[in-house]
Amino acid sequence: MKKIVLALLFLPFLCMAQKEEDVLKFSLQTPWTGDVNPENVWDEYPRPQMKRDNWKNLNGLWKYAILPVSEEFPTRFQGEILVPFAVESELSRVKKLVGKDNNLWYQTNFTVPEHSKNEKIHLNFGAVDWEATVFINGKKAGEHRGGFTPFSLDITRYLKEGRQTLTVKVWDPTDAGTQPRGKQVADPKGIWYTPVTGIWQTVWLEKTAADHIRTVKNTPFIDDALLKSELTFSDLSHEVILKIKALSDGKEIASASRELKRGQQQAAFQLKIPDQILWSPENPHLYNLEIQLLKNGEIIDEVSSYFGMRKISLGKDKNGYTRILLNNKPLFQFGLLDQGWWPDGLYTAPSVEAMMYDVEMTEKWGFNMLRKHVKVEPAVYYYECDKMGMLIWQDMPNGNYFKDLRIQAWEEKDAQRTGGSARQFEKELKEMMDYFHTFPSIVVWVPFNEGWGQYDTERVTKWVENYDPSRLTDSPSGWTDRGVGDIIDVHLYPGPGMEFPEEKRAAVIGEFGGIGWAVNDHIWWNKKNWGYLTLKGQKEYKERFTALMRDLTGLKSFGLSAAIYTQTTDVEGEVNGLMTYDRKVLKLPPEETRPLIAPLYKKPGRFRTIIPDSEHTPNAWKAAYDVNPDWTGDLKQTKGWQEQKAPFSSYNNYFLPDGTAWKTRKDLCLFKTFDLDRVPEEIILRYYLDKASMKVYLNGQPVTSEKHEGGRKRHYRNQLIANARKYLKRGKNTMAIRVQPQNENHAFDLGLYRAEIKDEKEF
């Protein structure tokens, strides 16, 4: 009987060990893995927007224990963990799962700088996922819920003589809860990755005076050449003088000072910036800002900050399209979907050098922007992007994707969150926007991605717009559009395609591409490796990437303002990166990508319609079924064909207007004649092809042969055809199409357009 009881007691741990073996058995090193040193791990000052000289890094080897949630305080520890790497990561030196039924405990000892009774000691955490409770010398000093934003505690009153003991308890339900968690799941597969629990950014101490600066929030207004700054302070115990000085290249250009009253906790000021130098990707000029508090002429607190003079807004281009403007001029933004995951450190790169390698490669490949996808990075990341001139679209990490909080693209109602779940999401959203407000590189907030926990879209979006009018709002990115925000965003794999700009919203492709190529010896696991399209080698990979870039260029004439290619790196089983997960293989080198991307930064012409598609207004074609397989457009063979209205669909398609029912499984053949007064150099096919394949002929010549590929259920795809003079002539022309169904649910529509890209750069 005792043996049975013991077996039952150990059963949960055996189950966890089996699951742990399945989830955490994979290993892949980066070029920086071997350089990680506990003596100086992540030793950069972690808060570049409000920097003090007096700080102490607490990163390094701590004690850890994974214990059931029923244990109130650890009486034993199980080994050492390297902070700031998550416990599931290889660099943590632990590599264990925690789960919702356990707490992860940390403990370390430290000494504090000498301080008087009028000084404070602050304990700062860069990020802890998810719920952290902090104890100093056995006493609770504070707690924080939120896995992506910093928090700070005044621990002065808990200190004692000599060495101090810091204990941290962390609970994280991963995907068993509705808290913002990004792409973490208990069972990684596809686009979902390994859990991340605990401390994953720097832990550090800082000494200040009792009266000190708490936050700095800088906002530029280039139309008035003004910097507006909002400061908060501790509850001031005396009257003090606030002094601010702005510098450019080391020279003072503006200053201000004012008296602050006792008890005052906030103040705002503005500086006129003479001969302002605008921040941009081509010239990422940063101004330094020195801020001081003085009492009786003596400096009691001093921080250094910085700012960039830039403006992100919407406006009309010369073609009348609503476009995204940088500094009041159209600038096409082309970037990578950037997950920010590492095989050795998961959420945490081995070092700042490693972390920024991804951004440096993004720039070298020819991109000027990245979308930080459902993850938030350490503050130093955004500082380095500010210095480089890399534009950032910052996602809010999503909440629950599965079950009742995931909505489909056609659903007219949002998900229903509980009050507590909504409050937590919005609290973390506000913290993210507050903490990262001052970084000029961040130009767009993305509150929701697709239907992942998307709720109260209109209300949340309006709040984001009102809370930070200095940036644009993309809400949601892809999936279920609610007509709000500054951007109408399409996700289309492989794409590309777009919706047209609106009067008050710019058009972007928030995700496209996703070309997969699993490079041997650089693969994360032995399960299925996955991409939206999975190819076998570099030749195929380059051909498909080249075609996507060509097609994307044609979309600029339709008013496209930005596009985001999926993605920077492979991540675990997702192999659609431009480089491998270990960062050791570039699938395409910069010398091959830059010439393909360069035309995107040129000034677009306006498209002209040759044959309209039927997305908004049905357009008639001559149609027939069961036609000779060799037919390529010979009009002599079309006698008796009937005129039918596109689009053609075998089912009630939510995303298409009413057209012609296509109930048969036989091939659909279409033709139309059209006149040209001049022959363009390039033409664009804009088509909708669901669960079918097509062959297109112009004047009897084959132009393209395409088949349905994942993700074309909601939007039209655009394909650019170069050397149009090979197929077209002045006067009367004929287009012929053969569409072959792949299963019982199939749909089709197509239009023909011409567009131009001029040589004049638009920036």
# chains A, B, ... in the order shown; residues from 1 in each chain; ligands from 1
call {"tool": "closest_atom_pairs", "arguments": {"of": "region 409-518 of chain A", "to": "region 578-601 of chain A", "cutoff": "10 Å", "atoms": "only C-alpha atoms", "output": "tab-separated table"}}
result
residue	atom	partner	partner_atom	distance
A:Gly514	CA	A:Leu578	CA	9.5
A:Ile515	CA	A:Leu578	CA	8.8
A:Gly516	CA	A:Leu578	CA	9.0
A:Trp517	CA	A:Lys587	CA	8.3
A:Ala518	CA	A:Thr580	CA	8.2
call {"tool": "write_last_selection", "arguments": {"atoms": "C-alpha atoms", "output": "PDB file, in the first residue's frame"}}
result
ATOM      1  CA  GLY A 514       6.646  33.646 -44.828  1.00  0.00           C
ATOM      2  CA  ILE A 515       8.844  31.706 -47.249  1.00  0.00           C
ATOM      3  CA  GLY A 516      10.188  28.694 -45.395  1.00  0.00           C
ATOM      4  CA  TRP A 517      13.502  26.941 -45.937  1.00  0.00           C
ATOM      5  CA  ALA A 518      14.858  24.560 -43.313  1.00  0.00           C
TER       6      ALA A 518
END
call {"tool": "select_by_dssp", "arguments": {"residues": "region 96-335 of chain A", "states": "helix (DSSP H, G or I)", "output": "PyMOL selection string"}}
result
chain A and resi 156-158+174-176+222-224
call {"tool": "select_by_dssp", "arguments": {"residues": "region 508-611 of chain A", "states": "strand (DSSP E or B)", "output": "PyMOL selection string"}}
result
chain A and resi 508-513+515-517+530+533-535+560-566+569+571+574+579+586+602-604+608-611
call {"tool": "write_last_selection", "arguments": {"atoms": "C-alpha atoms", "output": "PDB file, in the first residue's frame"}}
result
ATOM      1  CA  VAL A 508      -0.354  48.645 -45.200  1.00  0.00           C
ATOM      2  CA  ILE A 509       0.522  44.958 -45.377  1.00  0.00           C
ATOM      3  CA  GLY A 510       1.162  44.067 -41.755  1.00  0.00           C
ATOM      4  CA  GLU A 511       2.414  40.570 -42.627  1.00  0.00           C
ATOM      5  CA  PHE A 512       3.252  38.759 -45.861  1.00  0.00           C
ATOM      6  CA  GLY A 513       5.889  36.427 -47.270  1.00  0.00           C
ATOM      7  CA  ILE A 515       8.844  31.706 -47.249  1.00  0.00           C
ATOM      8  CA  GLY A 516      10.188  28.694 -45.395  1.00  0.00           C
ATOM      9  CA  TRP A 517      13.502  26.941 -45.937  1.00  0.00           C
ATOM     10  CA  TRP A 530       7.088  24.915 -40.988  1.00  0.00           C
ATOM     11  CA  LEU A 533       5.472  28.156 -48.112  1.00  0.00           C
ATOM     12  CA  THR A 534       8.238  25.625 -47.522  1.00  0.00           C
ATOM     13  CA  LEU A 535      10.916  25.386 -50.207  1.00  0.00           C
ATOM     14  CA  LEU A 560       0.463  51.250 -50.173  1.00  0.00           C
ATOM     15  CA  SER A 561       2.297  53.026 -47.324  1.00  0.00           C
ATOM     16  CA  ALA A 562       4.167  50.187 -45.617  1.00  0.00           C
ATOM     17  CA  ALA A 563       4.813  46.461 -45.668  1.00  0.00           C
ATOM     18  CA  ILE A 564       6.209  43.928 -43.215  1.00  0.00           C
ATOM     19  CA  TYR A 565       7.867  40.741 -44.413  1.00  0.00           C
ATOM     20  CA  THR A 566       7.757  37.605 -42.272  1.00  0.00           C
ATOM     21  CA  THR A 569      14.933  34.750 -38.210  1.00  0.00           C
ATOM     22  CA  VAL A 571      12.136  30.595 -34.559  1.00  0.00           C
ATOM     23  CA  GLU A 574       9.044  28.150 -37.826  1.00  0.00           C
ATOM     24  CA  MET A 579      18.435  33.841 -41.398  1.00  0.00           C
ATOM     25  CA  LEU A 586      21.939  34.201 -44.026  1.00  0.00           C
ATOM     26  CA  LYS A 602      11.139  55.475 -55.132  1.00  0.00           C
ATOM     27  CA  LYS A 603       8.189  57.674 -55.900  1.00  0.00           C
ATOM     28  CA  PRO A 604       5.135  55.819 -57.219  1.00  0.00           C
ATOM     29  CA  ARG A 608      -4.660  52.915 -64.267  1.00  0.00           C
ATOM     30  CA  THR A 609      -7.432  50.389 -64.767  1.00  0.00           C
ATOM     31  CA  ILE A 610      -7.387  48.236 -67.883  1.00  0.00           C
ATOM     32  CA  ILE A 611      -9.897  45.612 -66.706  1.00  0.00           C
TER      33      ILE A 611
END
call {"tool": "residues_around", "arguments": {"residues": "Gly485 (chain A)", "least_positions_apart": "6", "cutoff": "8 Å", "atoms": "only C-alpha atoms", "output": "number ranges by chain"}}
result
A: 461-462, 465, 472-475, 505
call {"tool": "write_last_selection", "arguments": {"atoms": "all heavy atoms", "output": "short mmCIF file (atom, residue, chain, number, x, y, z; two decimals), in the first residue's frame"}}
result
data_model
loop_
_atom_site.label_atom_id
_atom_site.label_comp_id
_atom_site.auth_asym_id
_atom_site.auth_seq_id
_atom_site.Cartn_x
_atom_site.Cartn_y
_atom_site.Cartn_z
N THR A 461 -8.82 51.11 -29.02
CA THR A 461 -8.09 51.87 -30.05
C THR A 461 -8.22 53.37 -29.83
O THR A 461 -7.21 54.10 -29.93
CB THR A 461 -8.62 51.50 -31.44
OG1 THR A 461 -8.49 50.09 -31.63
CG2 THR A 461 -7.85 52.24 -32.53
N LYS A 462 -9.42 53.84 -29.53
CA LYS A 462 -9.60 55.27 -29.28
C LYS A 462 -8.79 55.71 -28.07
O LYS A 462 -8.23 56.82 -28.06
CB LYS A 462 -11.08 55.58 -29.07
CG LYS A 462 -11.94 55.41 -30.32
CD LYS A 462 -11.53 56.38 -31.43
CE LYS A 462 -12.44 56.24 -32.64
NZ LYS A 462 -11.97 57.10 -33.76
N GLU A 465 -5.16 56.07 -29.18
CA GLU A 465 -5.00 57.28 -30.01
C GLU A 465 -4.99 58.54 -29.16
O GLU A 465 -4.18 59.46 -29.38
CB GLU A 465 -6.13 57.36 -31.03
CG GLU A 465 -6.06 56.32 -32.12
CD GLU A 465 -7.24 56.42 -33.07
OE1 GLU A 465 -8.38 56.65 -32.62
OE2 GLU A 465 -7.02 56.25 -34.28
N LEU A 472 1.06 56.87 -34.59
CA LEU A 472 -0.07 56.26 -35.27
C LEU A 472 -0.48 54.98 -34.54
O LEU A 472 0.31 54.38 -33.81
CB LEU A 472 0.28 55.95 -36.72
CG LEU A 472 0.69 57.14 -37.59
CD1 LEU A 472 0.98 56.68 -39.02
CD2 LEU A 472 -0.39 58.22 -37.59
N THR A 473 -1.72 54.56 -34.79
CA THR A 473 -2.26 53.36 -34.17
C THR A 473 -2.73 52.40 -35.25
O THR A 473 -3.52 52.78 -36.12
CB THR A 473 -3.44 53.71 -33.23
OG1 THR A 473 -3.01 54.66 -32.26
CG2 THR A 473 -3.95 52.47 -32.52
N ASP A 474 -2.23 51.17 -35.19
CA ASP A 474 -2.62 50.11 -36.12
C ASP A 474 -3.41 49.08 -35.32
O ASP A 474 -2.83 48.27 -34.59
CB ASP A 474 -1.37 49.47 -36.72
CG ASP A 474 -1.70 48.35 -37.71
OD1 ASP A 474 -2.88 48.21 -38.06
OD2 ASP A 474 -0.76 47.63 -38.11
N SER A 475 -4.75 49.13 -35.44
CA SER A 475 -5.57 48.28 -34.57
C SER A 475 -6.83 47.81 -35.28
O SER A 475 -7.68 48.63 -35.62
CB SER A 475 -5.95 49.06 -33.32
OG SER A 475 -6.75 48.30 -32.45
N ARG A 505 -7.41 56.71 -43.30
CA ARG A 505 -6.57 55.57 -42.91
C ARG A 505 -5.64 55.19 -44.06
O ARG A 505 -6.07 55.08 -45.22
CB ARG A 505 -7.41 54.36 -42.49
CG ARG A 505 -8.21 54.59 -41.22
CD ARG A 505 -8.59 53.26 -40.56
NE ARG A 505 -9.43 52.43 -41.40
CZ ARG A 505 -9.72 51.16 -41.11
NH1 ARG A 505 -9.22 50.59 -40.00
NH2 ARG A 505 -10.51 50.46 -41.90
#
call {"tool": "closest_atom_pairs", "arguments": {"of": "region 484-596 of chain A", "to": "region 686-710 of chain A", "cutoff": "12 Å", "atoms": "only C-alpha atoms", "output": "JSON lines"}}
result
{"residue": "A:His491", "atom": "CA", "partner": "A:Gly710", "partner_atom": "CA", "distance": 11.2}
{"residue": "A:Leu492", "atom": "CA", "partner": "A:Gly710", "partner_atom": "CA", "distance": 8.4}
{"residue": "A:Tyr493", "atom": "CA", "partner": "A:Gly710", "partner_atom": "CA", "distance": 6.0}
{"residue": "A:Pro494", "atom": "CA", "partner": "A:Gly710", "partner_atom": "CA", "distance": 7.0}
{"residue": "A:Gly495", "atom": "CA", "partner": "A:Glu709", "partner_atom": "CA", "distance": 8.9}
{"residue": "A:Pro496", "atom": "CA", "partner": "A:Arg686", "partner_atom": "CA", "distance": 10.1}
{"residue": "A:Gly497", "atom": "CA", "partner": "A:Arg686", "partner_atom": "CA", "distance": 8.1}
{"residue": "A:Met498", "atom": "CA", "partner": "A:Arg686", "partner_atom": "CA", "distance": 9.8}
{"residue": "A:Glu499", "atom": "CA", "partner": "A:Arg686", "partner_atom": "CA", "distance": 11.3}
{"residue": "A:Phe512", "atom": "CA", "partner": "A:Gly710", "partner_atom": "CA", "distance": 10.9}
{"residue": "A:Gly513", "atom": "CA", "partner": "A:Gly710", "partner_atom": "CA", "distance": 10.7}
{"residue": "A:Gly514", "atom": "CA", "partner": "A:Gly710", "partner_atom": "CA", "distance": 10.3}
{"residue": "A:Ile515", "atom": "CA", "partner": "A:Gly710", "partner_atom": "CA", "distance": 11.4}
{"residue": "A:Gly531", "atom": "CA", "partner": "A:Gly710", "partner_atom": "CA", "distance": 10.3}
{"residue": "A:Tyr532", "atom": "CA", "partner": "A:Gly710", "partner_atom": "CA", "distance": 6.7}
{"residue": "A:Leu533", "atom": "CA", "partner": "A:Glu709", "partner_atom": "CA", "distance": 7.9}
{"residue": "A:Thr534", "atom": "CA", "partner": "A:Glu709", "partner_atom": "CA", "distance": 11.2}
{"residue": "A:Asp551", "atom": "CA", "partner": "A:Arg686", "partner_atom": "CA", "distance": 10.3}
{"residue": "A:Leu552", "atom": "CA", "partner": "A:Arg686", "partner_atom": "CA", "distance": 11.9}
{"residue": "A:Gly554", "atom": "CA", "partner": "A:Arg686", "partner_atom": "CA", "distance": 10.5}
{"residue": "A:Leu555", "atom": "CA", "partner": "A:Arg686", "partner_atom": "CA", "distance": 9.9}
{"residue": "A:Phe558", "atom": "CA", "partner": "A:Arg686", "partner_atom": "CA", "distance": 10.8}
call {"tool": "write_last_selection", "arguments": {"atoms": "C-alpha atoms", "output": "mmCIF file, in the first residue's frame"}}
result
data_model
loop_
_atom_site.group_PDB
_atom_site.id
_atom_site.type_symbol
_atom_site.label_atom_id
_atom_site.label_comp_id
_atom_site.auth_asym_id
_atom_site.auth_seq_id
_atom_site.Cartn_x
_atom_site.Cartn_y
_atom_site.Cartn_z
ATOM 1 C CA HIS A 491 -2.131 39.969 -43.488
ATOM 2 C CA LEU A 492 -1.712 37.862 -46.612
ATOM 3 C CA TYR A 493 0.525 34.815 -46.973
ATOM 4 C CA PRO A 494 2.434 34.563 -49.160
ATOM 5 C CA GLY A 495 0.864 37.623 -50.818
ATOM 6 C CA PRO A 496 1.358 40.434 -51.370
ATOM 7 C CA GLY A 497 -1.988 42.198 -51.532
ATOM 8 C CA MET A 498 -3.725 45.133 -49.900
ATOM 9 C CA GLU A 499 -6.919 47.005 -49.243
ATOM 10 C CA PHE A 512 3.252 38.759 -45.861
ATOM 11 C CA GLY A 513 5.889 36.427 -47.270
ATOM 12 C CA GLY A 514 6.646 33.646 -44.828
ATOM 13 C CA ILE A 515 8.844 31.706 -47.249
ATOM 14 C CA GLY A 531 6.692 27.957 -43.221
ATOM 15 C CA TYR A 532 3.704 29.449 -45.018
ATOM 16 C CA LEU A 533 5.472 28.156 -48.112
ATOM 17 C CA THR A 534 8.238 25.625 -47.522
ATOM 18 C CA ASP A 551 4.952 42.257 -56.794
ATOM 19 C CA LEU A 552 5.209 44.445 -53.702
ATOM 20 C CA GLY A 554 3.693 47.367 -57.952
ATOM 21 C CA LEU A 555 1.420 47.916 -54.959
ATOM 22 C CA PHE A 558 -2.284 51.563 -55.416
#
call {"tool": "closest_residue", "arguments": {"among": "A:Leu331, A:Ile299, A:Ala186, A:Leu370", "to": "Asp22 (chain A)", "atoms": "only C-alpha atoms"}}
result
A:Ala186
call {"tool": "residues_around", "arguments": {"residues": "Gln339 (chain A)", "least_positions_apart": "2", "cutoff": "8 Å", "atoms": "only C-alpha atoms", "output": "list in words"}}
result
Leu337, Trp341, Lys372, His373, Val374, Lys375, Gln567, Thr568, Thr569 and Val571 of chain A
call {"tool": "write_last_selection", "arguments": {"atoms": "C-alpha atoms", "output": "PDB file, in the first residue's frame"}}
result
ATOM      1  CA  LEU A 337       8.320  40.914 -38.551  1.00  0.00           C
ATOM      2  CA  TRP A 341      13.518  34.922 -29.769  1.00  0.00           C
ATOM      3  CA  LYS A 372       8.376  44.064 -32.865  1.00  0.00           C
ATOM      4  CA  HIS A 373       5.899  41.215 -32.817  1.00  0.00           C
ATOM      5  CA  VAL A 374       3.936  40.533 -29.581  1.00  0.00           C
ATOM      6  CA  LYS A 375       7.069  41.074 -27.515  1.00  0.00           C
ATOM      7  CA  GLN A 567      10.401  37.374 -40.808  1.00  0.00           C
ATOM      8  CA  THR A 568      13.873  38.205 -39.432  1.00  0.00           C
ATOM      9  CA  THR A 569      14.933  34.750 -38.210  1.00  0.00           C
ATOM     10  CA  VAL A 571      12.136  30.595 -34.559  1.00  0.00           C
TER      11      VAL A 571
END
call {"tool": "residues_around", "arguments": {"residues": "Ala722 (chain A)", "least_positions_apart": "5", "cutoff": "12 Å", "atoms": "only C-alpha atoms", "output": "short mmCIF file (atom, residue, chain, number, x, y, z; two decimals) with all heavy atoms, in the first residue's frame"}}
result
data_model
loop_
_atom_site.label_atom_id
_atom_site.label_comp_id
_atom_site.auth_asym_id
_atom_site.auth_seq_id
_atom_site.Cartn_x
_atom_site.Cartn_y
_atom_site.Cartn_z
N ALA A 547 10.36 37.42 -56.62
CA ALA A 547 9.02 37.64 -57.17
C ALA A 547 8.15 38.44 -56.20
O ALA A 547 7.40 39.33 -56.61
CB ALA A 547 8.37 36.30 -57.48
N ARG A 550 9.13 42.09 -56.32
CA ARG A 550 8.64 42.71 -57.56
C ARG A 550 7.14 43.02 -57.45
O ARG A 550 6.69 44.10 -57.81
CB ARG A 550 8.91 41.77 -58.73
CG ARG A 550 8.52 42.34 -60.09
CD ARG A 550 8.76 41.34 -61.20
NE ARG A 550 7.91 40.17 -61.05
CZ ARG A 550 8.35 38.91 -60.96
NH1 ARG A 550 9.64 38.67 -60.98
NH2 ARG A 550 7.50 37.90 -60.84
N ASP A 551 6.39 42.04 -56.94
CA ASP A 551 4.95 42.26 -56.79
C ASP A 551 4.65 43.37 -55.79
O ASP A 551 3.73 44.16 -55.99
CB ASP A 551 4.27 40.96 -56.34
CG ASP A 551 4.36 39.86 -57.39
OD1 ASP A 551 4.66 40.18 -58.56
OD2 ASP A 551 4.14 38.69 -57.03
N THR A 553 6.45 45.98 -55.11
CA THR A 553 6.75 47.29 -55.71
C THR A 553 5.55 47.82 -56.48
O THR A 553 5.23 49.01 -56.43
CB THR A 553 7.97 47.18 -56.63
OG1 THR A 553 9.09 46.69 -55.87
CG2 THR A 553 8.33 48.54 -57.21
N GLY A 554 4.86 46.93 -57.19
CA GLY A 554 3.69 47.37 -57.95
C GLY A 554 2.57 47.91 -57.09
O GLY A 554 1.77 48.74 -57.54
N PRO A 680 1.88 49.58 -71.84
CA PRO A 680 2.71 49.85 -70.66
C PRO A 680 3.90 48.89 -70.59
O PRO A 680 3.89 47.81 -71.19
CB PRO A 680 1.75 49.61 -69.50
CG PRO A 680 0.77 48.62 -70.02
CD PRO A 680 0.60 48.93 -71.48
N GLU A 681 4.90 49.29 -69.82
CA GLU A 681 6.07 48.42 -69.62
C GLU A 681 5.76 47.32 -68.62
O GLU A 681 6.32 46.22 -68.70
CB GLU A 681 7.26 49.24 -69.15
CG GLU A 681 7.79 50.21 -70.19
CD GLU A 681 9.03 50.94 -69.70
OE1 GLU A 681 9.51 50.64 -68.59
OE2 GLU A 681 9.51 51.82 -70.44
N GLU A 682 4.89 47.60 -67.66
CA GLU A 682 4.53 46.62 -66.64
C GLU A 682 3.02 46.62 -66.45
O GLU A 682 2.37 47.66 -66.59
CB GLU A 682 5.21 46.94 -65.30
CG GLU A 682 6.72 46.91 -65.35
CD GLU A 682 7.36 47.37 -64.06
OE1 GLU A 682 6.72 48.16 -63.33
OE2 GLU A 682 8.50 46.95 -63.78
N ILE A 683 2.48 45.47 -66.13
CA ILE A 683 1.06 45.36 -65.80
C ILE A 683 0.93 44.62 -64.48
O ILE A 683 1.86 43.92 -64.04
CB ILE A 683 0.26 44.64 -66.90
CG1 ILE A 683 0.91 43.30 -67.24
CG2 ILE A 683 0.09 45.52 -68.12
CD1 ILE A 683 0.12 42.48 -68.23
N ILE A 684 -0.22 44.77 -63.86
CA ILE A 684 -0.48 44.13 -62.57
C ILE A 684 -1.78 43.35 -62.64
O ILE A 684 -2.82 43.89 -63.05
CB ILE A 684 -0.55 45.19 -61.45
CG1 ILE A 684 0.82 45.83 -61.24
CG2 ILE A 684 -1.05 44.57 -60.14
CD1 ILE A 684 0.82 47.00 -60.29
N LEU A 685 -1.71 42.09 -62.26
CA LEU A 685 -2.90 41.27 -62.08
C LEU A 685 -3.32 41.37 -60.63
O LEU A 685 -2.51 41.13 -59.72
CB LEU A 685 -2.62 39.81 -62.42
CG LEU A 685 -2.13 39.49 -63.83
CD1 LEU A 685 -1.86 38.00 -63.95
CD2 LEU A 685 -3.15 39.93 -64.86
N VAL A 703 0.85 34.05 -69.72
CA VAL A 703 1.42 35.12 -68.90
C VAL A 703 1.84 34.60 -67.53
O VAL A 703 2.93 34.86 -67.04
CB VAL A 703 0.41 36.28 -68.74
CG1 VAL A 703 0.96 37.33 -67.79
CG2 VAL A 703 0.09 36.89 -70.08
N THR A 704 0.95 33.83 -66.90
CA THR A 704 1.28 33.30 -65.58
C THR A 704 0.40 32.09 -65.30
O THR A 704 -0.68 31.94 -65.87
CB THR A 704 1.08 34.36 -64.48
OG1 THR A 704 1.59 33.86 -63.23
CG2 THR A 704 -0.39 34.71 -64.29
N TYR A 727 3.45 40.83 -74.44
CA TYR A 727 2.13 40.23 -74.50
C TYR A 727 1.06 41.14 -75.12
O TYR A 727 0.05 40.65 -75.62
CB TYR A 727 1.65 39.85 -73.09
CG TYR A 727 2.65 39.04 -72.31
CD1 TYR A 727 3.38 39.62 -71.27
CD2 TYR A 727 2.85 37.70 -72.59
CE1 TYR A 727 4.29 38.88 -70.53
CE2 TYR A 727 3.76 36.94 -71.87
CZ TYR A 727 4.49 37.54 -70.84
OH TYR A 727 5.38 36.80 -70.13
N LEU A 728 1.27 42.45 -75.06
CA LEU A 728 0.22 43.40 -75.43
C LEU A 728 0.57 44.17 -76.69
O LEU A 728 1.73 44.22 -77.13
CB LEU A 728 -0.02 44.37 -74.27
CG LEU A 728 -0.52 43.74 -72.96
CD1 LEU A 728 -0.54 44.77 -71.85
CD2 LEU A 728 -1.90 43.13 -73.16
N ARG A 754 -2.32 48.89 -64.90
CA ARG A 754 -0.96 49.31 -65.19
C ARG A 754 -0.54 50.33 -64.14
O ARG A 754 -1.36 51.06 -63.58
CB ARG A 754 -0.86 49.91 -66.59
CG ARG A 754 -1.59 51.23 -66.79
CD ARG A 754 -1.51 51.67 -68.24
NE ARG A 754 -2.09 53.00 -68.43
CZ ARG A 754 -2.42 53.50 -69.62
NH1 ARG A 754 -2.23 52.77 -70.70
NH2 ARG A 754 -2.93 54.71 -69.72
N ALA A 755 0.75 50.33 -63.84
CA ALA A 755 1.27 51.23 -62.81
C ALA A 755 2.71 51.57 -63.14
O ALA A 755 3.36 50.88 -63.94
CB ALA A 755 1.19 50.58 -61.44
N GLU A 756 3.20 52.63 -62.51
CA GLU A 756 4.57 53.08 -62.78
C GLU A 756 5.27 53.40 -61.47
O GLU A 756 4.65 53.89 -60.53
CB GLU A 756 4.57 54.33 -63.67
CG GLU A 756 3.98 54.10 -65.06
CD GLU A 756 3.91 55.39 -65.85
OE1 GLU A 756 4.10 56.47 -65.25
OE2 GLU A 756 3.67 55.32 -67.07
#
call {"tool": "atom_distance", "arguments": {"atom1": "CA of Ser248 (chain A)", "atom2": "CA of His285 (chain A)"}}
result
8.7 Å
call {"tool": "closest_atom_pairs", "arguments": {"of": "region 167-279 of chain A", "to": "region 67-82 of chain A", "cutoff": "10 Å", "atoms": "only C-alpha atoms", "output": "JSON lines"}}
result
{"residue": "A:Thr167", "atom": "CA", "partner": "A:Phe73", "partner_atom": "CA", "distance": 9.4}
{"residue": "A:Val168", "atom": "CA", "partner": "A:Phe73", "partner_atom": "CA", "distance": 10.0}
{"residue": "A:Lys169", "atom": "CA", "partner": "A:Phe73", "partner_atom": "CA", "distance": 8.5}
{"residue": "A:Val170", "atom": "CA", "partner": "A:Val69", "partner_atom": "CA", "distance": 9.9}
{"residue": "A:Trp171", "atom": "CA", "partner": "A:Val69", "partner_atom": "CA", "distance": 8.3}
{"residue": "A:Ile199", "atom": "CA", "partner": "A:Leu82", "partner_atom": "CA", "distance": 9.7}
{"residue": "A:Trp200", "atom": "CA", "partner": "A:Leu82", "partner_atom": "CA", "distance": 9.9}
call {"tool": "write_last_selection", "arguments": {"atoms": "C-alpha atoms", "output": "PDB file, in the first residue's frame"}}
result
ATOM      1  CA  THR A 167      13.984  36.767  -2.528  1.00  0.00           C
ATOM      2  CA  VAL A 168      11.635  36.824  -5.511  1.00  0.00           C
ATOM      3  CA  LYS A 169       8.589  34.617  -6.045  1.00  0.00           C
ATOM      4  CA  VAL A 170       7.271  34.284  -9.609  1.00  0.00           C
ATOM      5  CA  TRP A 171       4.062  32.688 -10.817  1.00  0.00           C
ATOM      6  CA  ILE A 199      13.335  37.237 -14.568  1.00  0.00           C
ATOM      7  CA  TRP A 200      14.427  37.861 -18.151  1.00  0.00           C
TER       8      TRP A 200
END
call {"tool": "residues_around", "arguments": {"residues": "Arg730 (chain A)", "least_positions_apart": "6", "cutoff": "8 Å", "atoms": "only C-alpha atoms", "output": "VMD selection string"}}
result
chain A and resid 675 to 679
call {"tool": "closest_residue", "arguments": {"among": "A:Ala422, A:Glu572, A:Phe221, A:Leu58", "to": "Pro469 (chain A)", "atoms": "only C-alpha atoms"}}
result
A:Phe221
call {"tool": "atom_distance", "arguments": {"atom1": "CA of Lys56 (chain A)", "atom2": "CA of Trp105 (chain A)"}}
result
21.9 Å
call {"tool": "residues_around", "arguments": {"residues": "Gln642 (chain A)", "least_positions_apart": "3", "cutoff": "7 Å", "atoms": "only C-alpha atoms", "output": "list in words"}}
result
Lys622, Ala623 and Ala624 of chain A
call {"tool": "write_last_selection", "arguments": {"atoms": "N, CA and C atoms", "output": "short mmCIF file (atom, residue, chain, number, x, y, z; two decimals), in the first residue's frame"}}
result
data_model
loop_
_atom_site.label_atom_id
_atom_site.label_comp_id
_atom_site.auth_asym_id
_atom_site.auth_seq_id
_atom_site.Cartn_x
_atom_site.Cartn_y
_atom_site.Cartn_z
N LYS A 622 -17.19 36.96 -70.53
CA LYS A 622 -17.73 35.85 -71.29
C LYS A 622 -17.21 34.57 -70.65
N ALA A 623 -18.13 33.62 -70.34
CA ALA A 623 -17.76 32.47 -69.54
C ALA A 623 -18.32 31.19 -70.13
N ALA A 624 -17.58 30.09 -69.89
CA ALA A 624 -18.04 28.76 -70.29
C ALA A 624 -17.32 27.72 -69.45
#
